[in-house]
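Source file coords-v2.txt; content: compact mmCIF, C-alpha atoms.
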```txt
# COMPACT_ATOMS: atom_id res chain seq x y z
CA MET A 1 -11.78 -2.03 -28.08
CA SER A 2 -9.02 -3.83 -29.95
CA ALA A 3 -6.71 -3.44 -32.89
CA THR A 4 -4.30 -5.33 -34.99
CA GLY A 5 -1.29 -3.08 -35.50
CA ALA A 6 1.52 -1.76 -33.41
CA GLY A 7 2.86 1.04 -35.52
CA ALA A 8 2.51 4.77 -35.20
CA GLY A 9 -1.06 5.91 -34.72
CA GLU A 10 -2.35 2.35 -34.22
CA ARG A 11 -3.73 0.83 -31.09
CA PRO A 12 -2.05 -2.14 -29.40
CA ALA A 13 -2.71 -5.61 -30.78
CA GLN A 14 -3.86 -6.96 -27.40
CA PRO A 15 -7.56 -6.19 -26.79
CA LEU A 16 -7.89 -3.54 -24.11
CA SER A 17 -11.11 -5.14 -22.85
CA THR A 18 -9.22 -8.21 -21.61
CA VAL A 19 -10.39 -9.48 -18.23
CA LEU A 20 -8.41 -11.52 -15.74
CA PRO A 21 -8.61 -15.19 -16.73
CA ASP A 22 -9.20 -17.85 -14.06
CA ALA A 23 -9.94 -15.18 -11.46
CA ASP A 24 -12.43 -17.43 -9.67
CA ARG A 25 -9.94 -20.31 -9.48
CA PHE A 26 -7.20 -18.15 -7.97
CA ARG A 27 -9.72 -16.51 -5.67
CA ARG A 28 -10.82 -19.87 -4.28
CA ARG A 29 -7.22 -20.93 -3.72
CA ALA A 30 -6.39 -17.68 -1.93
CA GLY A 31 -9.50 -18.00 0.20
CA LEU A 32 -8.67 -21.59 1.17
CA LEU A 33 -5.10 -20.64 2.05
CA GLY A 34 -6.29 -17.70 4.13
CA THR A 35 -8.93 -19.77 5.92
CA ALA A 36 -6.45 -22.53 6.75
CA ALA A 37 -3.86 -20.06 8.06
CA LEU A 38 -6.47 -18.26 10.16
CA GLY A 39 -7.55 -21.64 11.51
CA LEU A 40 -4.00 -22.24 12.73
CA SER A 41 -3.97 -18.74 14.20
CA ALA A 42 -7.20 -19.51 16.07
CA ILE A 43 -5.48 -22.52 17.64
CA GLY A 44 -2.66 -20.16 18.59
CA TRP A 45 -5.20 -17.88 20.27
CA PHE A 46 -6.19 -20.70 22.63
CA LEU A 47 -2.54 -21.44 23.39
CA ASN A 48 -1.24 -17.87 23.67
CA PRO A 49 -3.88 -15.12 23.30
CA LEU A 50 -1.38 -12.33 24.04
CA GLN A 51 0.89 -13.31 21.15
CA PHE A 52 -2.12 -13.83 18.88
CA TYR A 53 -3.29 -10.25 19.34
CA ARG A 54 0.23 -8.92 18.80
CA SER A 55 0.73 -10.85 15.57
CA TYR A 56 -2.79 -10.13 14.38
CA LEU A 57 -2.37 -6.37 14.88
CA ILE A 58 0.72 -6.27 12.64
CA ALA A 59 -0.88 -8.36 9.91
CA ALA A 60 -4.15 -6.41 9.94
CA LEU A 61 -2.35 -3.06 9.76
CA PHE A 62 -0.21 -4.25 6.85
CA TRP A 63 -3.10 -5.36 4.63
CA LEU A 64 -5.14 -2.33 5.61
CA GLY A 65 -2.14 -0.24 4.55
CA VAL A 66 -2.08 -1.86 1.10
CA ALA A 67 -5.77 -1.02 0.64
CA LEU A 68 -5.40 2.56 1.89
CA GLY A 69 -2.26 3.06 -0.21
CA SER A 70 -4.17 1.88 -3.29
CA LEU A 71 -6.92 4.43 -2.65
CA SER A 72 -4.38 7.22 -2.08
CA ILE A 73 -2.46 6.53 -5.28
CA LEU A 74 -5.72 6.23 -7.19
CA MET A 75 -6.71 9.74 -6.16
CA VAL A 76 -3.22 11.06 -6.92
CA GLN A 77 -3.57 9.68 -10.44
CA TYR A 78 -6.97 11.29 -10.97
CA LEU A 79 -5.49 14.62 -9.93
CA SER A 80 -2.24 14.39 -11.89
CA GLY A 81 -3.22 12.31 -14.92
CA GLY A 82 -0.65 10.29 -16.82
CA ALA A 83 -0.46 6.96 -18.60
CA TRP A 84 1.13 5.31 -15.56
CA GLY A 85 -2.10 5.51 -13.60
CA ILE A 86 -4.38 4.33 -16.38
CA VAL A 87 -2.50 1.06 -16.87
CA ILE A 88 -2.67 0.11 -13.15
CA ARG A 89 -5.96 1.80 -12.27
CA ARG A 90 -7.98 -1.40 -12.18
CA LEU A 91 -5.46 -2.98 -9.81
CA LEU A 92 -5.60 0.06 -7.54
CA GLU A 93 -9.39 0.11 -7.64
CA ALA A 94 -9.58 -3.58 -6.73
CA GLY A 95 -7.24 -3.00 -3.80
CA ALA A 96 -9.08 0.10 -2.60
CA ALA A 97 -12.46 -1.65 -2.87
CA THR A 98 -11.41 -4.14 -0.18
CA LEU A 99 -11.85 -1.26 2.29
CA ARG A 100 -15.56 -1.95 2.08
CA VAL A 101 -15.10 -5.20 4.05
CA LEU A 102 -11.83 -4.63 5.91
CA PRO A 103 -13.55 -3.45 9.12
CA ALA A 104 -14.25 -7.14 9.72
CA PHE A 105 -10.49 -7.69 9.99
CA PHE A 106 -10.39 -5.47 13.06
CA VAL A 107 -13.25 -7.05 14.99
CA PRO A 108 -10.94 -9.53 16.81
CA LEU A 109 -8.75 -6.65 17.95
CA ALA A 110 -11.70 -5.15 19.83
CA PHE A 111 -11.32 -8.03 22.27
CA GLY A 112 -7.56 -7.55 22.54
CA VAL A 113 -7.28 -3.86 23.36
CA HIS A 114 -6.33 -4.55 26.98
CA HIS A 115 -3.66 -7.01 25.82
CA LEU A 116 -2.04 -4.52 23.47
CA TYR A 117 -2.28 -1.01 24.90
CA LEU A 118 -0.96 0.00 28.30
CA TRP A 119 -3.25 3.02 28.47
CA SER A 120 -6.31 0.72 28.37
CA GLN A 121 -5.32 -1.00 31.64
CA PRO A 122 -6.82 0.82 34.66
CA GLU A 123 -4.07 -0.31 37.03
CA ALA A 124 -1.38 1.09 34.70
CA VAL A 125 -3.19 4.43 34.38
CA GLU A 126 -3.57 4.63 38.13
CA HIS A 127 0.20 4.48 38.65
CA SER A 128 1.23 6.76 35.77
CA GLU A 129 0.76 10.51 35.82
CA ALA A 130 1.55 10.72 32.09
CA LEU A 131 -1.23 8.24 31.24
CA GLN A 132 -3.66 10.11 33.46
CA GLN A 133 -2.92 13.33 31.57
CA LYS A 134 -3.67 11.60 28.26
CA SER A 135 -6.71 9.66 29.45
CA ALA A 136 -9.15 12.15 27.91
CA TYR A 137 -7.95 10.99 24.49
CA LEU A 138 -6.56 7.53 25.22
CA ASN A 139 -9.54 5.65 26.58
CA VAL A 140 -11.34 2.63 25.15
CA PRO A 141 -14.74 4.17 24.24
CA PHE A 142 -13.19 7.15 22.45
CA PHE A 143 -10.61 4.86 20.83
CA ALA A 144 -13.37 2.61 19.43
CA GLY A 145 -15.43 5.60 18.28
CA ARG A 146 -12.49 7.08 16.37
CA ALA A 147 -11.76 3.72 14.73
CA ALA A 148 -15.38 3.50 13.58
CA ALA A 149 -15.18 7.03 12.15
CA TYR A 150 -12.00 6.19 10.21
CA PHE A 151 -13.59 3.14 8.63
CA VAL A 152 -16.75 5.07 7.70
CA VAL A 153 -14.64 7.66 5.83
CA TRP A 154 -12.58 4.99 4.06
CA PHE A 155 -15.67 2.93 3.21
CA LEU A 156 -17.46 5.91 1.65
CA LEU A 157 -14.43 7.02 -0.39
CA ALA A 158 -13.76 3.50 -1.69
CA ALA A 159 -17.42 2.89 -2.56
CA LEU A 160 -17.85 6.23 -4.35
CA PHE A 161 -14.69 5.97 -6.43
CA GLN A 162 -15.47 2.40 -7.45
CA LYS A 163 -19.04 3.36 -8.39
CA TRP A 164 -17.96 6.36 -10.47
CA SER A 165 -15.17 4.43 -12.20
CA LEU A 166 -17.58 1.71 -13.31
CA GLU A 167 -20.01 4.41 -14.44
CA GLN A 168 -17.20 5.92 -16.52
CA ASP A 169 -16.61 2.50 -18.09
CA ARG A 170 -20.26 2.17 -19.03
CA THR A 171 -20.88 5.66 -20.37
CA GLY A 172 -17.52 7.26 -21.21
CA ASP A 173 -19.01 10.51 -19.89
CA ARG A 174 -16.37 13.16 -19.27
CA ALA A 175 -18.54 14.58 -16.49
CA VAL A 176 -17.80 11.43 -14.50
CA THR A 177 -14.08 11.95 -15.04
CA ARG A 178 -14.35 15.53 -13.84
CA ARG A 179 -16.28 14.32 -10.78
CA LEU A 180 -13.49 11.85 -9.97
CA GLN A 181 -10.90 14.59 -10.30
CA LEU A 182 -12.96 17.03 -8.23
CA TRP A 183 -13.38 14.64 -5.31
CA SER A 184 -9.79 13.38 -5.34
CA GLY A 185 -8.43 16.53 -3.68
CA PRO A 186 -10.74 16.48 -0.63
CA GLY A 187 -10.42 12.68 -0.58
CA LEU A 188 -6.65 12.87 -0.23
CA VAL A 189 -7.00 15.39 2.61
CA ALA A 190 -9.45 13.04 4.36
CA ILE A 191 -7.09 10.09 3.90
CA ALA A 192 -4.12 12.06 5.22
CA LEU A 193 -6.00 13.20 8.34
CA THR A 194 -7.58 9.85 9.17
CA VAL A 195 -4.37 7.87 8.59
CA THR A 196 -2.45 10.32 10.78
CA PHE A 197 -4.89 9.94 13.65
CA ALA A 198 -5.11 6.17 13.11
CA SER A 199 -1.31 5.90 13.24
CA VAL A 200 -1.36 7.66 16.60
CA ASP A 201 -4.15 5.44 17.93
CA TRP A 202 -3.03 2.04 16.65
CA VAL A 203 0.77 2.27 16.49
CA MET A 204 2.20 5.27 18.33
CA SER A 205 0.06 4.74 21.44
CA LEU A 206 1.66 1.31 21.93
CA ASP A 207 4.26 3.47 23.69
CA PRO A 208 2.11 6.30 25.09
CA GLN A 209 5.21 8.16 26.27
CA TRP A 210 6.63 8.53 22.74
CA TYR A 211 5.58 10.90 19.98
CA SER A 212 6.74 12.04 16.57
CA THR A 213 5.12 14.73 14.47
CA ILE A 214 6.26 13.06 11.24
CA PHE A 215 5.06 9.56 12.12
CA GLY A 216 1.64 9.81 10.45
CA LEU A 217 3.16 11.03 7.19
CA LEU A 218 5.77 8.27 7.32
CA LEU A 219 3.08 5.62 7.74
CA LEU A 220 1.06 7.17 4.90
CA VAL A 221 4.06 7.01 2.55
CA THR A 222 4.82 3.45 3.66
CA GLN A 223 1.27 2.45 2.75
CA ALA A 224 1.56 4.12 -0.65
CA LEU A 225 4.91 2.42 -1.28
CA SER A 226 3.59 -1.04 -0.42
CA ALA A 227 0.45 -0.55 -2.54
CA PHE A 228 2.37 0.79 -5.52
CA ALA A 229 4.97 -1.97 -5.32
CA PHE A 230 2.16 -4.56 -5.18
CA ALA A 231 0.44 -3.04 -8.22
CA VAL A 232 3.67 -2.86 -10.25
CA ALA A 233 4.65 -6.44 -9.40
CA LEU A 234 1.19 -7.76 -10.31
CA CYS A 235 1.10 -5.66 -13.49
CA ALA A 236 4.44 -7.15 -14.56
CA GLU A 237 3.19 -10.67 -13.86
CA LEU A 238 -0.04 -10.09 -15.83
CA HIS A 239 2.06 -8.72 -18.68
CA ARG A 240 4.18 -11.88 -18.66
CA ARG A 241 1.14 -14.17 -18.59
CA GLY A 242 -0.67 -12.29 -21.36
CA PRO A 243 -3.71 -10.43 -19.98
CA MET A 244 -1.80 -7.11 -19.97
CA ALA A 245 0.51 -7.82 -22.88
CA MET A 246 -0.70 -4.62 -24.52
CA LEU A 247 1.57 -2.59 -22.23
CA SER A 248 4.82 -1.32 -23.71
CA PRO A 249 8.29 -0.83 -22.15
CA ASP A 250 7.47 2.88 -21.90
CA HIS A 251 4.60 2.15 -19.54
CA PHE A 252 6.87 0.11 -17.28
CA HIS A 253 9.54 2.79 -17.54
CA ASP A 254 7.06 5.29 -16.08
CA LEU A 255 6.07 2.86 -13.32
CA GLY A 256 9.73 2.26 -12.49
CA LYS A 257 10.44 5.96 -12.20
CA LEU A 258 7.53 6.42 -9.82
CA LEU A 259 8.59 3.41 -7.77
CA LEU A 260 12.03 4.99 -7.45
CA ALA A 261 10.38 8.23 -6.31
CA PHE A 262 8.34 6.44 -3.63
CA VAL A 263 11.45 4.64 -2.37
CA MET A 264 13.32 7.94 -2.12
CA VAL A 265 10.47 9.71 -0.28
CA TRP A 266 10.18 6.80 2.16
CA ALA A 267 13.94 6.93 2.84
CA TYR A 268 13.88 10.72 3.25
CA LEU A 269 11.07 10.66 5.82
CA SER A 270 12.54 7.68 7.69
CA PHE A 271 15.96 9.30 7.95
CA SER A 272 14.47 12.69 8.85
CA GLN A 273 12.56 11.22 11.80
CA PHE A 274 15.65 9.32 12.96
CA LEU A 275 17.96 12.34 12.61
CA ILE A 276 15.65 14.72 14.46
CA ILE A 277 14.97 12.34 17.35
CA TRP A 278 18.56 11.11 17.63
CA SER A 279 20.05 14.61 17.59
CA GLY A 280 17.46 15.84 20.08
CA ASN A 281 18.37 13.01 22.49
CA LEU A 282 15.28 13.61 24.64
CA SER A 283 14.29 11.04 27.23
CA GLU A 284 10.71 10.91 25.90
CA GLU A 285 11.77 10.18 22.31
CA ILE A 286 15.13 8.43 22.08
CA PRO A 287 14.11 5.14 23.81
CA TRP A 288 11.88 4.30 20.84
CA TYR A 289 14.95 4.03 18.60
CA LEU A 290 17.14 2.46 21.27
CA ARG A 291 14.73 -0.49 21.48
CA ARG A 292 14.91 -0.86 17.70
CA LEU A 293 18.67 -0.70 17.38
CA HIS A 294 19.72 -3.07 20.20
CA GLY A 295 19.01 -6.61 21.33
CA GLY A 296 18.94 -8.07 17.84
CA TRP A 297 16.55 -5.48 16.40
CA GLY A 298 19.48 -3.67 14.80
CA ALA A 299 19.75 -6.42 12.15
CA PRO A 300 16.29 -5.75 10.65
CA ALA A 301 17.09 -2.02 10.78
CA LEU A 302 20.24 -2.61 8.73
CA LEU A 303 18.31 -4.82 6.30
CA LEU A 304 15.82 -2.01 5.78
CA VAL A 305 18.57 0.47 4.98
CA ILE A 306 20.18 -1.88 2.46
CA PHE A 307 17.23 -3.70 0.91
CA GLN A 308 14.44 -1.15 1.26
CA PHE A 309 16.49 1.80 0.04
CA VAL A 310 20.08 1.32 -1.15
CA LEU A 311 19.60 -1.73 -3.39
CA PRO A 312 16.24 -0.70 -4.93
CA PHE A 313 17.59 2.83 -5.42
CA LEU A 314 20.66 1.61 -7.29
CA LEU A 315 18.72 -0.91 -9.37
CA LEU A 316 15.97 1.53 -10.31
CA LEU A 317 18.51 4.01 -11.63
CA SER A 318 18.93 1.65 -14.59
CA ARG A 319 16.82 2.59 -17.57
CA ASP A 320 17.03 -0.91 -18.99
CA LEU A 321 15.78 -2.46 -15.77
CA LYS A 322 12.81 -0.11 -15.58
CA ARG A 323 11.87 -1.02 -19.16
CA SER A 324 12.02 -4.76 -18.41
CA PRO A 325 8.68 -5.94 -16.95
CA ARG A 326 10.31 -9.05 -15.47
CA MET A 327 13.14 -7.24 -13.69
CA LEU A 328 10.98 -4.34 -12.57
CA GLY A 329 8.40 -6.78 -11.23
CA MET A 330 11.06 -8.58 -9.19
CA VAL A 331 12.30 -5.32 -7.66
CA ALA A 332 8.72 -4.24 -6.89
CA ALA A 333 7.93 -7.59 -5.25
CA TRP A 334 11.05 -7.24 -3.09
CA VAL A 335 10.08 -3.72 -2.03
CA PHE A 336 6.61 -5.03 -1.13
CA VAL A 337 8.12 -7.69 1.15
CA MET A 338 10.43 -5.16 2.76
CA SER A 339 7.45 -2.89 3.45
CA PHE A 340 6.06 -5.57 5.75
CA ILE A 341 9.43 -5.96 7.47
CA HIS A 342 9.45 -2.20 8.04
CA LEU A 343 6.01 -2.30 9.68
CA PHE A 344 7.04 -5.33 11.75
CA TRP A 345 10.18 -3.49 12.89
CA MET A 346 8.12 -0.45 13.90
CA ILE A 347 5.65 -2.43 16.03
CA ALA A 348 7.15 -5.70 17.32
CA PRO A 349 9.93 -4.18 19.50
CA GLU A 350 7.23 -2.63 21.68
CA PHE A 351 6.17 -6.16 22.60
CA HIS A 352 9.68 -7.65 22.80
CA PRO A 353 12.06 -4.86 23.88
CA ARG A 354 14.72 -7.26 25.21
CA GLY A 355 15.60 -8.74 21.84
CA PHE A 356 14.50 -9.88 18.41
CA TYR A 357 11.56 -12.28 18.55
CA LEU A 358 9.66 -14.06 15.80
CA HIS A 359 6.65 -16.27 16.50
CA TRP A 360 4.95 -18.74 14.16
CA MET A 361 1.70 -16.77 14.50
CA ASP A 362 3.42 -13.79 12.87
CA ALA A 363 3.45 -15.91 9.70
CA THR A 364 0.01 -17.51 10.02
CA THR A 365 -1.85 -14.27 10.72
CA LEU A 366 -0.05 -12.56 7.83
CA ALA A 367 -0.85 -15.43 5.46
CA GLY A 368 -4.40 -15.80 6.78
CA LEU A 369 -5.43 -12.18 6.42
CA GLY A 370 -3.39 -11.93 3.21
CA GLY A 371 -5.20 -14.88 1.64
CA ILE A 372 -8.61 -13.45 2.51
CA TRP A 373 -7.55 -9.98 1.33
CA PHE A 374 -6.23 -11.32 -1.98
CA ALA A 375 -9.44 -13.31 -2.52
CA LEU A 376 -11.42 -10.09 -2.03
CA PHE A 377 -9.03 -8.29 -4.36
CA LEU A 378 -9.55 -10.90 -7.09
CA ARG A 379 -13.31 -10.76 -6.63
CA ASN A 380 -13.20 -7.01 -7.23
CA LEU A 381 -10.89 -7.43 -10.23
CA GLY A 382 -12.67 -10.32 -11.90
CA GLY A 383 -15.17 -9.65 -14.66
CA VAL A 384 -14.07 -6.08 -15.42
CA PRO A 385 -11.61 -4.99 -18.13
CA LEU A 386 -8.05 -4.74 -16.82
CA ILE A 387 -7.81 -1.37 -18.59
CA PRO A 388 -10.48 1.37 -18.17
CA VAL A 389 -11.61 1.18 -21.77
CA ARG A 390 -13.68 4.38 -21.79
CA ASP A 391 -11.33 6.67 -19.98
CA PRO A 392 -11.13 9.86 -22.09
CA TYR A 393 -7.33 9.83 -21.82
CA LEU A 394 -6.91 6.18 -22.80
CA GLU A 395 -5.82 6.78 -26.38
CA GLU A 396 -3.31 9.39 -25.26
CA ALA A 397 -1.93 6.90 -22.72
CA PHE A 398 -1.27 4.26 -25.34
CA GLU A 399 0.13 6.74 -27.81
CA HIS A 400 2.56 7.68 -25.05
CA GLY A 401 3.35 4.00 -24.63
CA GLY A 402 4.83 3.84 -28.11
CA SER A 403 6.11 7.39 -28.45
CA HIS A 404 9.72 6.73 -27.52
CA GLU A 405 10.04 3.79 -29.90
CA ARG A 406 8.59 5.79 -32.76
CA LYS A 407 11.00 8.65 -32.05
CA ALA A 408 13.91 6.23 -32.00
CA GLU A 409 12.82 4.60 -35.27
CA SER A 410 12.38 7.92 -37.01
CA GLY A 411 15.83 9.15 -36.02
CA PRO A 412 16.82 12.68 -35.06
CA PRO A 413 14.73 15.54 -36.47
CA ALA A 414 15.92 16.96 -39.75
CA ALA A 415 17.65 20.32 -39.67
CA GLU A 416 15.56 23.24 -40.77
CA PRO A 417 16.58 24.93 -44.03
CA GLY A 418 19.06 27.68 -43.41
CA ALA A 419 19.87 26.45 -39.87
```
What does the file become when written as C-alpha cells?
Amino acid sequence: MSATGAGAGERPAQPLSTVLPDADRFRRRAGLLGTAALGLSAIGWFLNPLQFYRSYLIAALFWLGVALGSLSILMVQYLSGGAWGIVIRRLLEAGAATLRVLPAFFVPLAFGVHHLYLWSQPEAVEHSEALQQKSAYLNVPFFAGRAAAYFVVWFLLAALFQKWSLEQDRTGDRAVTRRLQLWSGPGLVAIALTVTFASVDWVMSLDPQWYSTIFGLLLLVTQALSAFAFAVALCAELHRRGPMAMLSPDHFHDLGKLLLAFVMVWAYLSFSQFLIIWSGNLSEEIPWYLRRLHGGWGAPALLLVIFQFVLPFLLLLSRDLKRSPRMLGMVAAWVFVMSFIHLFWMIAPEFHPRGFYLHWMDATTLAGLGGIWFALFLRNLGGVPLIPVRDPYLEEAFEHGGSHERKAESGPPAAEPGA
C-alpha cells in the first residue's frame, strides 16, 4: 500500500508496508550487549548473591512492566479506536509479544526467594505474629503457584492478540477486528487483576507489615507510562530515520497529548497514595514513606517530582513540542528513564533502609535483561509492516493525520448566505 501524493484525499508518500531495516543487525547487537552484561552479573552472583537477587528483581520487574504496559495500551486502543494507536500498534504488539518468553527472566528469582522476602524465612515467621497470620497467603508454594498463574494469563493474552493481529494483516477481515475489540475488555480486567495481585506478591510483600489499596493500580499505571513512553520515543526515532516518515505532526500531537495524560494520572495516583498514608499517620503504613524520604532516599523522591511530573507536564503543554517528533521523542525517552528510577525508589529502600545505595549490579542486570528484551522485541518487530496495513480504520487514521493542515490551508469556513 503506497502512494505518491500528500494533498487532501491522498495517501502518504511513504509506503505503509515499510518494515524495520537492519532489524537483525540491531537484534544481534542488543543480544550481545545483554549477554555480556548478564555475564558480569553472574560473576556478581558468585561474589555477592544477596545483592544479585536484589538488583535482578528490580530489573526483571521493570522490563516485565514494559511488556505488560504494551499489552494494556494495545487493548485500550482496540476498545477506544483512534489514529494514535494504529501508528504505534506494531511497536506495542512487539513489546507485548515478549511476554511469551519473559517467564524465563524470573527463573533465577525462584532460587532467591529466601534472600528477598522475610516471610519466606521460617525463623522470621516463628518470631513474628503478623507473619504467622499471613502465612496462609505468604508461603513459598502458594507464591510460586500464583506467579505461574499470572504468566499463563499473560502468555495466552499476548499470543492470542498477536495471532489475531497478524490474521487481520493477511485477510483484512472485519470479523477479526471485532474479535480483537470483544476480547480487549475482559483482557484488560484480567491484566488489572493479575498485576494487582503480582504487585502485592513481588513488591508489597517485601515489607509484609505494609499495605496500600491503591498500590496495584499505581504499578499498573507506571507500567503503562513506561511502555507508552518507550513506544513514542521509538516511533519518533523511526520517523527521523525514515521507516515511519509517513507519520504527520498530527499523529505526534495525539501521542503527545496521551503521554501528558499518562504523566498526570501517574502523578495523581502517586500523590493520592502519599497524601492518604501521610495524613493517616498509622504505624503500619507511614514507615514505608519514612524510609523513602530519609537517609539519602529523599533526593530520588525529589527528582521524581521534578523530572517525572513537573518538567514533562510543563513541556507537554506546548503544542509545538508535541508536534515535533524530535522534541517529543526526547521527552518520552526521559519519562521512560524516570519510570525505572521510580520503580528503583519503590523497591531498593526495602533492602537499604539506612541510606541511598547503588551497586554496579543494578546497572548490569538492567542492561543485561534490557539487551535480551530488546533483542526479543526486534525479533517480533522484524519482517512485519510497521503499520497494520489492512486495519479497517487505517485510511481514516491517515486522513486524520493531515486533517489539521488541510483545514489551516483552506482557511476559515465561508459565511453562509444571509448569516
Non-local contacts of Gly256 (chain A) (12 Å; only C-alpha atoms; under 6 positions in same chain excluded) as a PDB file with C-alpha atoms, keeping the file's coordinate frame:
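Below you can see around-v2.pdb, which holds the result:
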```
ATOM      1  CA  TRP A  84       1.130   5.310 -15.560  1.00  0.00           C
ATOM      2  CA  PHE A 228       2.370   0.790  -5.520  1.00  0.00           C
ATOM      3  CA  ALA A 229       4.970  -1.970  -5.320  1.00  0.00           C
ATOM      4  CA  ALA A 231       0.440  -3.040  -8.220  1.00  0.00           C
ATOM      5  CA  VAL A 232       3.670  -2.860 -10.250  1.00  0.00           C
ATOM      6  CA  ALA A 233       4.650  -6.440  -9.400  1.00  0.00           C
ATOM      7  CA  CYS A 235       1.100  -5.660 -13.490  1.00  0.00           C
ATOM      8  CA  ALA A 236       4.440  -7.150 -14.560  1.00  0.00           C
ATOM      9  CA  PRO A 249       8.290  -0.830 -22.150  1.00  0.00           C
ATOM     10  CA  ASP A 250       7.470   2.880 -21.900  1.00  0.00           C
ATOM     11  CA  PHE A 262       8.340   6.440  -3.630  1.00  0.00           C
ATOM     12  CA  VAL A 263      11.450   4.640  -2.370  1.00  0.00           C
ATOM     13  CA  PRO A 312      16.240  -0.700  -4.930  1.00  0.00           C
ATOM     14  CA  PHE A 313      17.590   2.830  -5.420  1.00  0.00           C
ATOM     15  CA  LEU A 315      18.720  -0.910  -9.370  1.00  0.00           C
ATOM     16  CA  LEU A 316      15.970   1.530 -10.310  1.00  0.00           C
ATOM     17  CA  LEU A 317      18.510   4.010 -11.630  1.00  0.00           C
ATOM     18  CA  SER A 318      18.930   1.650 -14.590  1.00  0.00           C
ATOM     19  CA  ARG A 319      16.820   2.590 -17.570  1.00  0.00           C
ATOM     20  CA  ASP A 320      17.030  -0.910 -18.990  1.00  0.00           C
ATOM     21  CA  LEU A 321      15.780  -2.460 -15.770  1.00  0.00           C
ATOM     22  CA  LYS A 322      12.810  -0.110 -15.580  1.00  0.00           C
ATOM     23  CA  ARG A 323      11.870  -1.020 -19.160  1.00  0.00           C
ATOM     24  CA  SER A 324      12.020  -4.760 -18.410  1.00  0.00           C
ATOM     25  CA  PRO A 325       8.680  -5.940 -16.950  1.00  0.00           C
ATOM     26  CA  ARG A 326      10.310  -9.050 -15.470  1.00  0.00           C
ATOM     27  CA  MET A 327      13.140  -7.240 -13.690  1.00  0.00           C
ATOM     28  CA  LEU A 328      10.980  -4.340 -12.570  1.00  0.00           C
ATOM     29  CA  GLY A 329       8.400  -6.780 -11.230  1.00  0.00           C
ATOM     30  CA  MET A 330      11.060  -8.580  -9.190  1.00  0.00           C
ATOM     31  CA  VAL A 331      12.300  -5.320  -7.660  1.00  0.00           C
ATOM     32  CA  ALA A 332       8.720  -4.240  -6.890  1.00  0.00           C
TER      33      ALA A 332
END
```
For a cut-off of 12 Å around (-10.9, -12.8, -1.7), file coordinates, pick out all residues using all atoms listed in the file and list them as a PyMOL selection string. chain A and resi 23-35+94-95+97-98+101-102+368-382
Need the shell around Met346 (chain A): protein/DNA/RNA residues with any atom at most 9 Å away, counting only C-alpha atoms. Skip same-chain ones fewer than 5 positions apart. Format as a PyMOL selection string? chain A and resi 203+292+341
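Distance check against Val305 (chain A) using only C-alpha atoms: of A:Thr213, A:Asn281, A:Thr365, A:Ser270, the minimum falls on A:Ser270.
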Spatial neighbours of region 348-351 of chain A, 7 Å, all atoms listed in the file, chain gap at least 4 places, as a PyMOL selection string: chain A and resi 206+291-292+344
Give me the residues within 9 Å of Met264 (chain A) as a PyMOL selection string, counting only C-alpha atoms and dropping any in the same chain fewer than 5 places off. chain A and resi 259+269+309+313
Select, counting only C-alpha atoms, all protein, DNA and RNA residues no farther than 10 Å from (-5.1, -3.0, 22.3) in file coordinates, and express the selection as a PyMOL selection string. chain A and resi 53-54+57+109-121+140+143+201-203+205-206
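Here CA of Phe151 (chain A) is placed at a distance of 28.0 Å from CA of Ala175 (chain A).
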Which residues come within 8 Å of region 176-192 of chain A, counting all atoms listed in the file, excluding same-chain residues fewer than 5 positions away, as a PDB file with C-alpha atoms, keeping the file's coordinate frame?
```pdb
ATOM      1  CA  LEU A  68      -5.400   2.560   1.890  1.00  0.00           C
ATOM      2  CA  SER A  72      -4.380   7.220  -2.080  1.00  0.00           C
ATOM      3  CA  MET A  75      -6.710   9.740  -6.160  1.00  0.00           C
ATOM      4  CA  VAL A  76      -3.220  11.060  -6.920  1.00  0.00           C
ATOM      5  CA  TYR A  78      -6.970  11.290 -10.970  1.00  0.00           C
ATOM      6  CA  LEU A  79      -5.490  14.620  -9.930  1.00  0.00           C
ATOM      7  CA  VAL A 153     -14.640   7.660   5.830  1.00  0.00           C
ATOM      8  CA  TRP A 154     -12.580   4.990   4.060  1.00  0.00           C
ATOM      9  CA  LEU A 157     -14.430   7.020  -0.390  1.00  0.00           C
ATOM     10  CA  PHE A 161     -14.690   5.970  -6.430  1.00  0.00           C
ATOM     11  CA  TRP A 164     -17.960   6.360 -10.470  1.00  0.00           C
ATOM     12  CA  SER A 165     -15.170   4.430 -12.200  1.00  0.00           C
ATOM     13  CA  GLU A 167     -20.010   4.410 -14.440  1.00  0.00           C
ATOM     14  CA  GLN A 168     -17.200   5.920 -16.520  1.00  0.00           C
ATOM     15  CA  LEU A 217       3.160  11.030   7.190  1.00  0.00           C
ATOM     16  CA  LEU A 220       1.060   7.170   4.900  1.00  0.00           C
ATOM     17  CA  ASP A 391     -11.330   6.670 -19.980  1.00  0.00           C
ATOM     18  CA  PRO A 392     -11.130   9.860 -22.090  1.00  0.00           C
TER      19      PRO A 392
END
```
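Among the candidate residues A:Ile214, A:Ala397, A:Leu50, A:Ala130, the one lying nearest to Ala83 (chain A) is A:Ala397, with distances computed using only C-alpha atoms.
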May I ask which of the residues A:Ala136, A:Ile347, A:Leu166, A:Ala36 is the closest one to Gly383 (chain A), counting all atoms listed in the file? A:Leu166
Can you save region 322-326 of chain A of the given block to a file, including N, CA and C atoms and formatted as a JSON list (two decimals), in the first residue's frame?
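Okay, selection-v8.json is ready:
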```
[["chain", "number", "residue", "atom", "x", "y", "z"],
["A", 322, "LYS", "N", 4.74, 19.05, 21.07],
["A", 322, "LYS", "CA", 4.05, 17.78, 20.78],
["A", 322, "LYS", "C", 4.02, 17.49, 19.29],
["A", 323, "ARG", "N", 4.09, 18.49, 18.45],
["A", 323, "ARG", "CA", 4.07, 18.28, 17.00],
["A", 323, "ARG", "C", 5.46, 18.08, 16.42],
["A", 324, "SER", "N", 6.47, 18.18, 17.25],
["A", 324, "SER", "CA", 7.86, 17.96, 16.82],
["A", 324, "SER", "C", 8.29, 16.55, 17.21],
["A", 325, "PRO", "N", 8.47, 15.65, 16.25],
["A", 325, "PRO", "CA", 8.86, 14.27, 16.60],
["A", 325, "PRO", "C", 10.15, 14.23, 17.41],
["A", 326, "ARG", "N", 11.12, 15.08, 17.06],
["A", 326, "ARG", "CA", 12.40, 15.05, 17.77],
["A", 326, "ARG", "C", 12.24, 15.46, 19.23]]
```
